[in-house]
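Student: Below you'll find start22.cif; it's mmCIF, N, CA and C atoms.
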data_entry
loop_
_atom_site.group_PDB
_atom_site.id
_atom_site.type_symbol
_atom_site.label_atom_id
_atom_site.label_comp_id
_atom_site.auth_asym_id
_atom_site.auth_seq_id
_atom_site.Cartn_x
_atom_site.Cartn_y
_atom_site.Cartn_z
ATOM 1 N N MET G 23 8.885 -7.030 15.645
ATOM 2 C CA MET G 23 7.507 -7.021 15.194
ATOM 3 C C MET G 23 7.017 -8.468 15.176
ATOM 4 N N SER G 24 5.909 -8.710 15.807
ATOM 5 C CA SER G 24 5.387 -10.073 15.850
ATOM 6 C C SER G 24 4.787 -10.470 14.507
ATOM 7 N N ASN G 25 4.526 -11.750 14.369
ATOM 8 C CA ASN G 25 3.992 -12.246 13.103
ATOM 9 C C ASN G 25 2.605 -11.694 12.816
ATOM 10 N N LEU G 26 1.795 -11.503 13.841
ATOM 11 C CA LEU G 26 0.457 -10.958 13.631
ATOM 12 C C LEU G 26 0.525 -9.520 13.131
ATOM 13 N N ASP G 27 1.406 -8.723 13.697
ATOM 14 C CA ASP G 27 1.582 -7.344 13.234
ATOM 15 C C ASP G 27 2.055 -7.299 11.788
ATOM 16 N N LEU G 28 2.959 -8.203 11.452
ATOM 17 C CA LEU G 28 3.472 -8.249 10.091
ATOM 18 C C LEU G 28 2.399 -8.692 9.109
ATOM 19 N N CYS G 29 1.556 -9.642 9.513
ATOM 20 C CA CYS G 29 0.447 -10.077 8.649
ATOM 21 C C CYS G 29 -0.548 -8.950 8.409
ATOM 22 N N VAL G 30 -0.850 -8.186 9.432
ATOM 23 C CA VAL G 30 -1.771 -7.058 9.292
ATOM 24 C C VAL G 30 -1.172 -5.992 8.385
ATOM 25 N N ALA G 31 0.125 -5.731 8.521
ATOM 26 C CA ALA G 31 0.783 -4.741 7.671
ATOM 27 C C ALA G 31 0.782 -5.178 6.204
ATOM 28 N N VAL G 32 1.017 -6.467 5.964
ATOM 29 C CA VAL G 32 1.002 -6.976 4.586
ATOM 30 C C VAL G 32 -0.387 -6.827 3.987
ATOM 31 N N GLN G 33 -1.426 -7.201 4.729
ATOM 32 C CA GLN G 33 -2.791 -7.110 4.218
ATOM 33 C C GLN G 33 -3.202 -5.660 3.979
ATOM 34 N N PHE G 34 -2.811 -4.770 4.881
ATOM 35 C CA PHE G 34 -3.140 -3.350 4.741
ATOM 36 C C PHE G 34 -2.489 -2.756 3.498
ATOM 37 N N CYS G 35 -1.194 -3.030 3.315
ATOM 38 C CA CYS G 35 -0.484 -2.494 2.149
ATOM 39 C C CYS G 35 -1.043 -3.060 0.854
ATOM 40 N N LEU G 36 -1.329 -4.353 0.847
ATOM 41 C CA LEU G 36 -1.850 -4.972 -0.368
ATOM 42 C C LEU G 36 -3.248 -4.464 -0.697
ATOM 43 N N ALA G 37 -4.084 -4.293 0.322
ATOM 44 C CA ALA G 37 -5.455 -3.824 0.084
ATOM 45 C C ALA G 37 -5.465 -2.411 -0.495
ATOM 46 N N PHE G 38 -4.721 -1.496 0.105
ATOM 47 C CA PHE G 38 -4.707 -0.127 -0.403
ATOM 48 C C PHE G 38 -3.964 -0.007 -1.725
ATOM 49 N N GLY G 39 -2.957 -0.845 -1.939
ATOM 50 C CA GLY G 39 -2.238 -0.816 -3.206
ATOM 51 C C GLY G 39 -3.111 -1.267 -4.371
ATOM 52 N N VAL G 40 -3.817 -2.366 -4.185
ATOM 53 C CA VAL G 40 -4.691 -2.877 -5.248
ATOM 54 C C VAL G 40 -5.888 -1.950 -5.448
ATOM 55 N N ALA G 41 -6.435 -1.429 -4.347
ATOM 56 C CA ALA G 41 -7.566 -0.497 -4.466
ATOM 57 C C ALA G 41 -7.154 0.763 -5.216
ATOM 58 N N GLY G 42 -5.956 1.236 -4.993
ATOM 59 C CA GLY G 42 -5.479 2.418 -5.708
ATOM 60 C C GLY G 42 -5.261 2.159 -7.187
ATOM 61 N N LEU G 43 -4.903 0.919 -7.533
ATOM 62 C CA LEU G 43 -4.728 0.594 -8.952
ATOM 63 C C LEU G 43 -6.057 0.400 -9.654
ATOM 64 N N PHE G 44 -7.032 -0.190 -8.982
ATOM 65 C CA PHE G 44 -8.321 -0.462 -9.609
ATOM 66 C C PHE G 44 -9.284 0.722 -9.562
ATOM 67 N N TRP G 45 -9.317 1.444 -8.429
ATOM 68 C CA TRP G 45 -10.274 2.542 -8.248
ATOM 69 C C TRP G 45 -9.570 3.807 -7.769
ATOM 70 N N PRO G 46 -8.774 4.451 -8.627
ATOM 71 C CA PRO G 46 -8.065 5.657 -8.167
ATOM 72 C C PRO G 46 -8.997 6.821 -7.870
ATOM 73 N N GLU G 47 -10.148 6.894 -8.542
ATOM 74 C CA GLU G 47 -11.057 8.015 -8.292
ATOM 75 C C GLU G 47 -11.699 7.932 -6.907
ATOM 76 N N LYS G 48 -11.840 6.716 -6.366
ATOM 77 C CA LYS G 48 -12.418 6.582 -5.023
ATOM 78 C C LYS G 48 -11.399 6.899 -3.932
ATOM 79 N N LEU G 49 -10.110 6.756 -4.244
ATOM 80 C CA LEU G 49 -9.069 7.055 -3.266
ATOM 81 C C LEU G 49 -8.513 8.472 -3.398
ATOM 82 N N MET G 50 -9.028 9.236 -4.355
ATOM 83 C CA MET G 50 -8.541 10.603 -4.565
ATOM 84 C C MET G 50 -8.689 11.473 -3.307
ATOM 85 N N PRO G 51 -9.817 11.459 -2.581
ATOM 86 C CA PRO G 51 -9.891 12.293 -1.363
ATOM 87 C C PRO G 51 -8.877 11.883 -0.295
ATOM 88 N N PHE G 52 -8.620 10.592 -0.173
ATOM 89 C CA PHE G 52 -7.633 10.114 0.798
ATOM 90 C C PHE G 52 -6.237 10.626 0.445
ATOM 91 N N PHE G 53 -5.866 10.557 -0.824
ATOM 92 C CA PHE G 53 -4.550 11.024 -1.243
ATOM 93 C C PHE G 53 -4.452 12.544 -1.228
ATOM 94 N N GLU G 54 -5.556 13.262 -1.383
ATOM 95 C CA GLU G 54 -5.510 14.717 -1.258
ATOM 96 C C GLU G 54 -5.142 15.124 0.164
ATOM 97 N N VAL G 55 -5.617 14.371 1.144
ATOM 98 C CA VAL G 55 -5.254 14.657 2.538
ATOM 99 C C VAL G 55 -3.841 14.173 2.829
ATOM 100 N N LEU G 56 -3.497 13.006 2.293
ATOM 101 C CA LEU G 56 -2.188 12.417 2.560
ATOM 102 C C LEU G 56 -1.049 13.238 1.958
ATOM 103 N N MET G 57 -1.231 13.734 0.753
ATOM 104 C CA MET G 57 -0.195 14.511 0.058
ATOM 105 C C MET G 57 -0.567 15.995 0.084
ATOM 106 N N PHE G 58 -0.790 16.559 1.260
ATOM 107 C CA PHE G 58 -1.407 17.873 1.419
ATOM 108 C C PHE G 58 -0.782 18.998 0.605
ATOM 109 N N PRO G 59 0.499 19.281 0.687
ATOM 110 C CA PRO G 59 0.985 20.457 -0.048
ATOM 111 C C PRO G 59 0.908 20.300 -1.563
ATOM 112 N N TRP G 60 0.905 19.068 -2.052
ATOM 113 C CA TRP G 60 0.871 18.825 -3.485
ATOM 114 C C TRP G 60 -0.509 18.347 -3.901
ATOM 115 N N ALA G 61 -0.867 18.612 -5.118
ATOM 116 C CA ALA G 61 -2.163 18.159 -5.631
ATOM 117 C C ALA G 61 -2.079 16.669 -5.979
ATOM 118 N N ALA G 62 -3.092 15.929 -5.590
ATOM 119 C CA ALA G 62 -3.130 14.498 -5.904
ATOM 120 C C ALA G 62 -3.552 14.315 -7.362
ATOM 121 N N SER G 63 -2.837 13.454 -8.052
ATOM 122 C CA SER G 63 -3.153 13.164 -9.449
ATOM 123 C C SER G 63 -3.265 11.655 -9.619
ATOM 124 N N TYR G 64 -3.830 11.251 -10.735
ATOM 125 C CA TYR G 64 -3.956 9.817 -10.994
ATOM 126 C C TYR G 64 -2.584 9.165 -11.142
ATOM 127 N N ARG G 65 -1.653 9.892 -11.695
ATOM 128 C CA ARG G 65 -0.291 9.365 -11.850
ATOM 129 C C ARG G 65 0.364 9.158 -10.486
ATOM 130 N N GLY G 66 0.153 10.097 -9.569
ATOM 131 C CA GLY G 66 0.699 9.960 -8.217
ATOM 132 C C GLY G 66 0.050 8.824 -7.444
ATOM 133 N N ILE G 67 -1.261 8.681 -7.608
ATOM 134 C CA ILE G 67 -1.962 7.582 -6.945
ATOM 135 C C ILE G 67 -1.471 6.247 -7.478
ATOM 136 N N ARG G 68 -1.269 6.158 -8.789
ATOM 137 C CA ARG G 68 -0.773 4.916 -9.388
ATOM 138 C C ARG G 68 0.630 4.591 -8.876
ATOM 139 N N ALA G 69 1.489 5.596 -8.781
ATOM 140 C CA ALA G 69 2.857 5.378 -8.296
ATOM 141 C C ALA G 69 2.864 4.928 -6.839
ATOM 142 N N ASN G 70 2.039 5.566 -6.014
ATOM 143 C CA ASN G 70 1.960 5.164 -4.613
ATOM 144 C C ASN G 70 1.347 3.783 -4.462
ATOM 145 N N SER G 71 0.409 3.430 -5.313
ATOM 146 C CA SER G 71 -0.210 2.107 -5.247
ATOM 147 C C SER G 71 0.782 1.019 -5.628
ATOM 148 N N ILE G 72 1.578 1.280 -6.644
ATOM 149 C CA ILE G 72 2.607 0.305 -7.031
ATOM 150 C C ILE G 72 3.639 0.158 -5.912
ATOM 151 N N ALA G 73 3.989 1.263 -5.266
ATOM 152 C CA ALA G 73 4.927 1.202 -4.143
ATOM 153 C C ALA G 73 4.338 0.417 -2.974
ATOM 154 N N LEU G 74 3.039 0.559 -2.716
ATOM 155 C CA LEU G 74 2.411 -0.201 -1.644
ATOM 156 C C LEU G 74 2.379 -1.695 -1.945
ATOM 157 N N VAL G 75 2.124 -2.054 -3.185
ATOM 158 C CA VAL G 75 2.143 -3.469 -3.556
ATOM 159 C C VAL G 75 3.564 -4.022 -3.411
ATOM 160 N N ALA G 76 4.561 -3.255 -3.827
ATOM 161 C CA ALA G 76 5.951 -3.685 -3.670
ATOM 162 C C ALA G 76 6.328 -3.825 -2.194
ATOM 163 N N LEU G 77 5.850 -2.916 -1.367
ATOM 164 C CA LEU G 77 6.106 -3.003 0.071
ATOM 165 C C LEU G 77 5.448 -4.234 0.665
ATOM 166 N N SER G 78 4.251 -4.559 0.210
ATOM 167 C CA SER G 78 3.590 -5.760 0.734
ATOM 168 C C SER G 78 4.346 -7.022 0.326
ATOM 169 N N VAL G 79 4.933 -7.032 -0.875
ATOM 170 C CA VAL G 79 5.740 -8.185 -1.302
ATOM 171 C C VAL G 79 6.991 -8.305 -0.431
ATOM 172 N N LEU G 80 7.644 -7.185 -0.152
ATOM 173 C CA LEU G 80 8.821 -7.212 0.709
ATOM 174 C C LEU G 80 8.488 -7.672 2.121
ATOM 175 N N LEU G 81 7.389 -7.175 2.678
ATOM 176 C CA LEU G 81 6.986 -7.602 4.020
ATOM 177 C C LEU G 81 6.585 -9.065 4.042
ATOM 178 N N PHE G 82 5.966 -9.541 2.955
ATOM 179 C CA PHE G 82 5.580 -10.944 2.893
ATOM 180 C C PHE G 82 6.805 -11.854 2.836
ATOM 181 N N THR G 83 7.827 -11.442 2.082
ATOM 182 C CA THR G 83 9.049 -12.249 2.054
ATOM 183 C C THR G 83 9.735 -12.251 3.415
ATOM 184 N N ARG G 84 9.690 -11.148 4.121
ATOM 185 C CA ARG G 84 10.247 -11.112 5.479
ATOM 186 C C ARG G 84 9.470 -12.039 6.398
ATOM 187 N N LEU G 85 8.145 -12.057 6.229
ATOM 188 C CA LEU G 85 7.313 -12.951 7.032
ATOM 189 C C LEU G 85 7.642 -14.406 6.745
ATOM 190 N N LEU G 86 7.816 -14.736 5.464
ATOM 191 C CA LEU G 86 8.165 -16.112 5.096
ATOM 192 C C LEU G 86 9.527 -16.504 5.657
ATOM 193 N N LEU G 87 10.496 -15.604 5.558
ATOM 194 C CA LEU G 87 11.827 -15.909 6.076
ATOM 195 C C LEU G 87 11.810 -16.061 7.588
ATOM 196 N N THR G 88 10.970 -15.301 8.261
ATOM 197 C CA THR G 88 10.878 -15.414 9.712
ATOM 198 C C THR G 88 10.240 -16.736 10.113
ATOM 199 N N CYS G 89 9.252 -17.177 9.353
ATOM 200 C CA CYS G 89 8.573 -18.426 9.692
ATOM 201 C C CYS G 89 9.405 -19.650 9.343
ATOM 202 N N LEU G 90 10.304 -19.538 8.381
ATOM 203 C CA LEU G 90 11.105 -20.685 7.978
ATOM 204 C C LEU G 90 12.283 -20.931 8.904
ATOM 205 N N ARG G 91 12.595 -20.009 9.771
ATOM 206 C CA ARG G 91 13.719 -20.207 10.703
ATOM 207 C C ARG G 91 13.383 -21.170 11.775
#
I'd like the structure from this file rewritten - as structure tokens, please.
Tutor:
Amino acid sequence: MSNLDLCVAVQFCLAFGVAGLFWPEKLMPFFEVLMFPWAASYRGIRANSIALVALSVLLFTRLLLTCLR
């Protein structure tokens, strides 16, 4: 994965993670489609948002380690 792809992935994960934490009611229709068989709840949106922020931190550390080599 090139550095540009990794930067886009980090920004995407961070944007949706923070948006889900700040405005879960605006992301409810998106999560209803994403989690189709199960009903989307605020607790589920919060859990997925925290996971997205954690994923963006992991991808960012990978990006830093790749650039420092």
Student: Within 12 Å of Leu81 in chain G, counting only C-alpha atoms, which residues show up once you throw out same-chain ones fewer than 2 positions away? Write them as a PyMOL selection string, please.
Tutor: chain G and resi 23+25+27-36+74-79+83-88
Student: Near Ile67 in chain G, counting all atoms listed in the file, which residues have an atom at most 7 Å away, once you skip same-chain residues fewer than 6 positions from it, shown as a PyMOL selection string?
Tutor: chain G and resi 42-43+46
Student: Output N, CA and C atoms for every residue in the selection just made, as an mmCIF file, in the frame of the given file.
Tutor:
data_model
loop_
_atom_site.group_PDB
_atom_site.id
_atom_site.type_symbol
_atom_site.label_atom_id
_atom_site.label_comp_id
_atom_site.auth_asym_id
_atom_site.auth_seq_id
_atom_site.Cartn_x
_atom_site.Cartn_y
_atom_site.Cartn_z
ATOM 1 N N GLY G 42 -5.956 1.236 -4.993
ATOM 2 C CA GLY G 42 -5.479 2.418 -5.708
ATOM 3 C C GLY G 42 -5.261 2.159 -7.187
ATOM 4 N N LEU G 43 -4.903 0.919 -7.533
ATOM 5 C CA LEU G 43 -4.728 0.594 -8.952
ATOM 6 C C LEU G 43 -6.057 0.400 -9.654
ATOM 7 N N PRO G 46 -8.774 4.451 -8.627
ATOM 8 C CA PRO G 46 -8.065 5.657 -8.167
ATOM 9 C C PRO G 46 -8.997 6.821 -7.870
#
Student: Could you tell me which of G:Leu80, G:Ala73, G:Tyr64, G:Cys89 comes closest to Trp45 in chain G if we count only C-alpha atoms?
Tutor: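 Closest to Trp45 in chain G of all the choices is G:Tyr64.
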Student: DSSP on the backbone, helix (DSSP H, G or I) only: what residues of chain G does that give? Format it as an MDAnalysis selection string.
Tutor: chainID G and resid 25:44 46:56 64:90
Student: Please, what distance in Å, to one decimal, runs between atom C of Ala37 in chain G and atom C of Val55 in chain G?
Tutor: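 Atom C of Val55 in chain G lies at a distance of 17.0 Å from atom C of Ala37 in chain G.
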Student: If I take CA of Pro59 in chain G and atom N of Glu47 in chain G, how far is one from the other in Å, to one decimal?
Tutor: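 Those two atoms sit 19.5 Å apart.
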Student: How far is it from atom N of Leu56 in chain G to atom N of Ala41 in chain G, in Å with one decimal?
Tutor: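 Separation of atom N of Leu56 in chain G and atom N of Ala41 in chain G: 16.2 Å.
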